[in-house]
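Structure first, commentary second.
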Amino acid sequence: MPVNRNALIRYRTIDKCLQNRRRKWTIDGLIESCNEALYEYEGIDKSVSMRTIRFDLNAMRSDKLGYNAPIIVTDKKYYSYEDPEYSIANIPLTSQDLNILQEVSHLLRQFKGFSHFNEVAEMLNKLEDKIYSEQHNSQPVIDFEKNELLTGIQWLDILHKAIVSRSTVQLTYQSFKAREASDIIFYPYLLKEYRNRWFILGMTKKGKEICTFALDRIREIVTLPGEIYREHKSFDPHTYFSDIVGVTRNTGDIPTIIEFLADRYQSPYIKTKPIHASQKIVEETLEGTVFSICVIPNFELERELIGFSEGLKILSPAPFLRRIKRKARLMYEVYFGED
């Protein structure tokens with residue numbers, strides 16, 4: 001039975017009242033306490049009706065909410081718990097409640113690297129202790145993609161704060177190709193995760209185009225309070241990734257239609273998990289399915305398509321086909337060049 005927030009506040013207020021045996025609780029006293037609680041928590045100054053409180057008492061007595069509260073009436077007007085130790089807060093969790101809480105705890109564990117997570121970590125530990133005590137030897141039924149050896153997540157929080165506060169930073173960055181790290185004055189705009197790896201998008205002080213840096217290649221970040229933060233007038237995080245696969249967008253390139261043939265073994269996978277949102281079926285043949293996507297070619301797209309190996313063949317356009325052929329030739333040389 002779903003319970004709205006106001007009703008839950010009333011139930012908890014009534015529960016606290018009935019636990020307080022130093023006072024005799026009439027229906028008017030319960031109404032007054034509920035009114036005070038609703039005003040304190042929700043800013044509601046409208047008086048709760050006697051009919052509503054009577055409904056609340058009946059609901060708490062029943063098993064609709066799982067409370068089965070032992071509420072009794074003495075002298076035809078005073079409400080209390082027959083069991084002085086009873087409280088709705090002590091109700092054991094149902095198996096459904098435990099399953100939901102367990103999935104929530106697994107979900108929250110994915111946000112390592114943010115200070116927000118540090119603030120709820122203690123609460124989460126208590127939640128998991130409660131789940132464990134209620135449900136021994138239970139196994140998670142959802143396993144999120146994660147990499148415990150992932151580096152660079154320590155920069156998530158400082159970059160997130162810099163974006164929110166519109167602060168300029170200095171990145172000490174070393175790409176895989178560079179021999180040494182260099183300092184870059186940077187205006188961060190967006191954090192992006194792709195395949196369990198984090199990237200920061202923004203603009204450098206010396207540039208005009210959007211740049212993408214991998215967090216695992218950052219050596220140090222320093223906030224520069226005295227440096228003016230610059231916006232990129234045309235950057236829209238909602239549309240920036242709409243015509244690419246992954247995070248790399250080559251400056252000046254425009255979307256192109258790429259057609260490829262997937263054999264009958266790979267076609268079902270590509271149909272159920274499209275490579276890009278623009279994906280369409282062009283033709284069904286005896287060999288398989290011809291698909292088309294409209295994207296800006298980049299490294300991530302090449303890796304995605306090559307990953308299907310012999311089960312996928314690029315058909316057009318010619319320049320992209322030549323790039324894939326070249327990579328296929330190099331792969332052949334790696335494996336068979338010495339034979």
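Residues are named by chain letter and number: chains run A, B, ... in the order of the structure tokens, numbers start at 1 in each chain, and ligands are numbered from 1 in the order shown.
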
Could you pull the residues within 10 Å of A:Pro84, counting only C-alpha atoms, minus those fewer than 5 positions along the same chain, as a VMD selection string? chain A and resid 18 to 21 70

Save the residues we just selected, C-alpha atoms, as a PDB file, in the first residue's frame?
```pdb
ATOM      1  CA  LEU A  18       1.620   6.492  21.845  1.00  0.00           C
ATOM      2  CA  GLN A  19       5.107   5.509  23.017  1.00  0.00           C
ATOM      3  CA  ASN A  20       5.019   8.402  25.482  1.00  0.00           C
ATOM      4  CA  ARG A  21       3.119   6.841  28.377  1.00  0.00           C
ATOM      5  CA  PRO A  70      -1.579  -2.897  19.171  1.00  0.00           C
TER       6      PRO A  70
END
```

Which neighbours of A:Leu38 fall inside 9 Å, counting only C-alpha atoms, when residues of the same chain fewer than 5 positions from it are skipped, and could you give them as a list of chain:residue names?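 Non-adjacent residues within range: A:Asn6, A:Ile9, A:Arg10, A:Ser33, A:Gly43, A:Ile44, A:Asp45, A:Lys46.
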
For A:Glu259, find every residue with an atom within 7 Å (counting only C-alpha atoms), except residues of its own chain fewer than 3 positions away, and show them as a list in words.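 Counting only C-alpha atoms, the residues come to Val290, Phe291, Ser292, Ile293, Ile314, Leu315 and Ser316 of chain A.
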
Could you save those same residues with N, CA and C atoms as a CSV table (one decimal), in the first residue's frame?
```csv
chain,number,residue,atom,x,y,z
A,290,VAL,N,21.9,-5.5,-43.6
A,290,VAL,CA,22.7,-4.2,-43.9
A,290,VAL,C,22.1,-3.1,-43.0
A,291,PHE,N,23.0,-2.5,-42.2
A,291,PHE,CA,22.6,-1.4,-41.3
A,291,PHE,C,23.2,-0.1,-41.8
A,292,SER,N,22.6,1.0,-41.3
A,292,SER,CA,23.2,2.3,-41.6
A,292,SER,C,23.2,3.1,-40.3
A,293,ILE,N,24.2,3.9,-40.1
A,293,ILE,CA,24.3,4.9,-39.0
A,293,ILE,C,24.8,6.2,-39.5
A,314,ILE,N,32.3,-3.4,-43.5
A,314,ILE,CA,32.0,-2.0,-43.9
A,314,ILE,C,31.7,-2.0,-45.4
A,315,LEU,N,30.6,-1.3,-45.8
A,315,LEU,CA,30.3,-1.2,-47.2
A,315,LEU,C,30.6,0.2,-47.8
A,316,SER,N,30.3,1.2,-47.0
A,316,SER,CA,30.5,2.6,-47.4
A,316,SER,C,30.5,3.5,-46.2
```

What's around A:Glu180 at 12 Å? Count only C-alpha atoms, leave out sequence neighbours fewer than 4 positions away in its own chain, and write the answer as an NGL selection string. :A and (172-176 or 217-219)

Writing out the chosen residues with C-alpha atoms as a PDB file, in the first residue's frame:
```pdb
ATOM      1  CA  THR A 172      48.999  18.894 -15.320  1.00  0.00           C
ATOM      2  CA  TYR A 173      48.367  16.424 -18.100  1.00  0.00           C
ATOM      3  CA  GLN A 174      50.379  13.735 -19.847  1.00  0.00           C
ATOM      4  CA  SER A 175      48.862  11.881 -22.768  1.00  0.00           C
ATOM      5  CA  PHE A 176      49.980   8.366 -23.644  1.00  0.00           C
ATOM      6  CA  ARG A 217      46.147  10.945 -17.579  1.00  0.00           C
ATOM      7  CA  ILE A 218      45.852  13.926 -15.202  1.00  0.00           C
ATOM      8  CA  ARG A 219      48.763  14.273 -12.802  1.00  0.00           C
TER       9      ARG A 219
END
```

Between A:Cys34, A:Ala318, A:Ile221, A:Met60, which one has atoms that come closest to A:Ile257, using only C-alpha atoms?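 That would be A:Ala318, the residue with the smallest distance to A:Ile257.
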
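Put simply, atom CA of A:Arg166 is 13.4 Å away from atom CA of A:Leu201.
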
A:Asp56: which residues within 12 Å, counting only C-alpha atoms, same-chain residues fewer than 5 positions away excluded, as a PDB file with N, CA and C atoms, in the first residue's frame?
```pdb
ATOM      1  N   VAL A   3       2.216   4.959   0.550  1.00  0.00           N
ATOM      2  CA  VAL A   3       1.954   5.943   1.589  1.00  0.00           C
ATOM      3  C   VAL A   3       2.588   7.260   1.177  1.00  0.00           C
ATOM      4  N   ASN A   6       2.942  13.061   3.711  1.00  0.00           N
ATOM      5  CA  ASN A   6       2.179  13.633   4.826  1.00  0.00           C
ATOM      6  C   ASN A   6       1.613  12.539   5.733  1.00  0.00           C
ATOM      7  N   ALA A   7       1.111  11.465   5.104  1.00  0.00           N
ATOM      8  CA  ALA A   7       0.571  10.366   5.903  1.00  0.00           C
ATOM      9  C   ALA A   7       1.675   9.719   6.728  1.00  0.00           C
ATOM     10  N   LEU A   8       2.851   9.568   6.133  1.00  0.00           N
ATOM     11  CA  LEU A   8       3.965   8.968   6.861  1.00  0.00           C
ATOM     12  C   LEU A   8       4.363   9.820   8.053  1.00  0.00           C
ATOM     13  N   ILE A   9       4.348  11.150   7.878  1.00  0.00           N
ATOM     14  CA  ILE A   9       4.652  12.049   8.999  1.00  0.00           C
ATOM     15  C   ILE A   9       3.625  11.870  10.104  1.00  0.00           C
ATOM     16  N   ARG A  10       2.355  11.723   9.732  1.00  0.00           N
ATOM     17  CA  ARG A  10       1.307  11.530  10.750  1.00  0.00           C
ATOM     18  C   ARG A  10       1.503  10.201  11.474  1.00  0.00           C
ATOM     19  N   TYR A  11       1.792   9.124  10.730  1.00  0.00           N
ATOM     20  CA  TYR A  11       1.980   7.814  11.362  1.00  0.00           C
ATOM     21  C   TYR A  11       3.124   7.860  12.366  1.00  0.00           C
ATOM     22  N   ARG A  12       4.233   8.466  11.967  1.00  0.00           N
ATOM     23  CA  ARG A  12       5.401   8.519  12.866  1.00  0.00           C
ATOM     24  C   ARG A  12       5.120   9.403  14.079  1.00  0.00           C
ATOM     25  N   THR A  13       4.348  10.456  13.859  1.00  0.00           N
ATOM     26  CA  THR A  13       3.991  11.337  14.982  1.00  0.00           C
ATOM     27  C   THR A  13       3.084  10.615  15.965  1.00  0.00           C
ATOM     28  N   ILE A  14       2.074   9.926  15.456  1.00  0.00           N
ATOM     29  CA  ILE A  14       1.172   9.156  16.317  1.00  0.00           C
ATOM     30  C   ILE A  14       1.958   8.093  17.073  1.00  0.00           C
ATOM     31  N   ASP A  15       2.901   7.461  16.372  1.00  0.00           N
ATOM     32  CA  ASP A  15       3.721   6.426  16.998  1.00  0.00           C
ATOM     33  C   ASP A  15       4.505   6.988  18.186  1.00  0.00           C
ATOM     34  N   ILE A  27      -7.900  11.949  21.147  1.00  0.00           N
ATOM     35  CA  ILE A  27      -7.865  12.187  19.706  1.00  0.00           C
ATOM     36  C   ILE A  27      -7.467  13.632  19.409  1.00  0.00           C
ATOM     37  N   LEU A  30      -3.670  13.966  19.683  1.00  0.00           N
ATOM     38  CA  LEU A  30      -2.999  13.412  18.497  1.00  0.00           C
ATOM     39  C   LEU A  30      -3.113  14.366  17.309  1.00  0.00           C
ATOM     40  N   ILE A  31      -4.288  14.985  17.148  1.00  0.00           N
ATOM     41  CA  ILE A  31      -4.479  15.959  16.067  1.00  0.00           C
ATOM     42  C   ILE A  31      -3.519  17.124  16.235  1.00  0.00           C
ATOM     43  N   CYS A  34       0.046  16.099  15.357  1.00  0.00           N
ATOM     44  CA  CYS A  34       0.210  15.912  13.904  1.00  0.00           C
ATOM     45  C   CYS A  34       0.261  17.261  13.190  1.00  0.00           C
ATOM     46  N   VAL A  48      -5.413  19.066  10.599  1.00  0.00           N
ATOM     47  CA  VAL A  48      -5.814  17.715  10.211  1.00  0.00           C
ATOM     48  C   VAL A  48      -7.172  17.412  10.820  1.00  0.00           C
ATOM     49  N   SER A  49      -8.035  16.784  10.067  1.00  0.00           N
ATOM     50  CA  SER A  49      -9.382  16.495  10.562  1.00  0.00           C
ATOM     51  C   SER A  49      -9.365  15.287  11.492  1.00  0.00           C
ATOM     52  N   MET A  50     -10.385  15.233  12.346  1.00  0.00           N
ATOM     53  CA  MET A  50     -10.527  14.084  13.242  1.00  0.00           C
ATOM     54  C   MET A  50     -10.740  12.807  12.433  1.00  0.00           C
ATOM     55  N   ARG A  51     -11.462  12.925  11.317  1.00  0.00           N
ATOM     56  CA  ARG A  51     -11.719  11.764  10.454  1.00  0.00           C
ATOM     57  C   ARG A  51     -10.414  11.184   9.905  1.00  0.00           C
ATOM     58  N   ARG A  61      -3.476   0.000  12.826  1.00  0.00           N
ATOM     59  CA  ARG A  61      -3.900  -1.247  13.478  1.00  0.00           C
ATOM     60  C   ARG A  61      -3.901  -2.426  12.497  1.00  0.00           C
ATOM     61  N   SER A  62      -4.175  -2.142  11.240  1.00  0.00           N
ATOM     62  CA  SER A  62      -4.340  -3.210  10.258  1.00  0.00           C
ATOM     63  C   SER A  62      -2.990  -3.692   9.743  1.00  0.00           C
ATOM     64  N   LYS A  64      -2.375  -3.620   6.473  1.00  0.00           N
ATOM     65  CA  LYS A  64      -2.214  -2.999   5.163  1.00  0.00           C
ATOM     66  C   LYS A  64      -0.832  -2.368   5.025  1.00  0.00           C
ATOM     67  N   LEU A  65      -0.346  -1.791   6.118  1.00  0.00           N
ATOM     68  CA  LEU A  65       0.972  -1.166   6.111  1.00  0.00           C
ATOM     69  C   LEU A  65       2.024  -2.074   6.738  1.00  0.00           C
ATOM     70  N   TYR A  67       2.016  -2.803   9.887  1.00  0.00           N
ATOM     71  CA  TYR A  67       2.259  -2.367  11.257  1.00  0.00           C
ATOM     72  C   TYR A  67       1.596  -3.289  12.283  1.00  0.00           C
ATOM     73  N   ALA A  69      -0.359  -2.483  14.557  1.00  0.00           N
ATOM     74  CA  ALA A  69      -0.064  -1.803  15.820  1.00  0.00           C
ATOM     75  C   ALA A  69      -1.110  -2.147  16.883  1.00  0.00           C
ATOM     76  N   ILE A  71      -2.932  -0.862  19.123  1.00  0.00           N
ATOM     77  CA  ILE A  71      -3.497   0.380  19.668  1.00  0.00           C
ATOM     78  C   ILE A  71      -4.787   0.056  20.414  1.00  0.00           C
TER      79      ILE A  71
END
```

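Ranking A:Glu209, A:Tyr265, A:Ala59, A:Thr223 by their shortest atom-to-atom distance to A:Glu310, with only C-alpha atoms included, puts A:Tyr265 first.
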
Closest pair table for stretch 277-321 of chain A residues within 10 Å of stretch 325-332 of chain A, only C-alpha atoms, as a tab-separated table:
```
residue	atom	partner	partner_atom	distance
A:Glu302	CA	A:Lys327	CA	9.2
A:Ile306	CA	A:Ala328	CA	8.3
A:Ser309	CA	A:Ala328	CA	9.3
A:Lys313	CA	A:Lys325	CA	9.8
A:Ile314	CA	A:Lys325	CA	8.9
A:Pro319	CA	A:Lys325	CA	9.9
A:Phe320	CA	A:Lys325	CA	8.6
A:Leu321	CA	A:Lys325	CA	6.1
```

What lies within 12 Å of A:Gly207 using only C-alpha atoms, ignoring chain neighbours under 5 positions off, as a count of residues only? 8
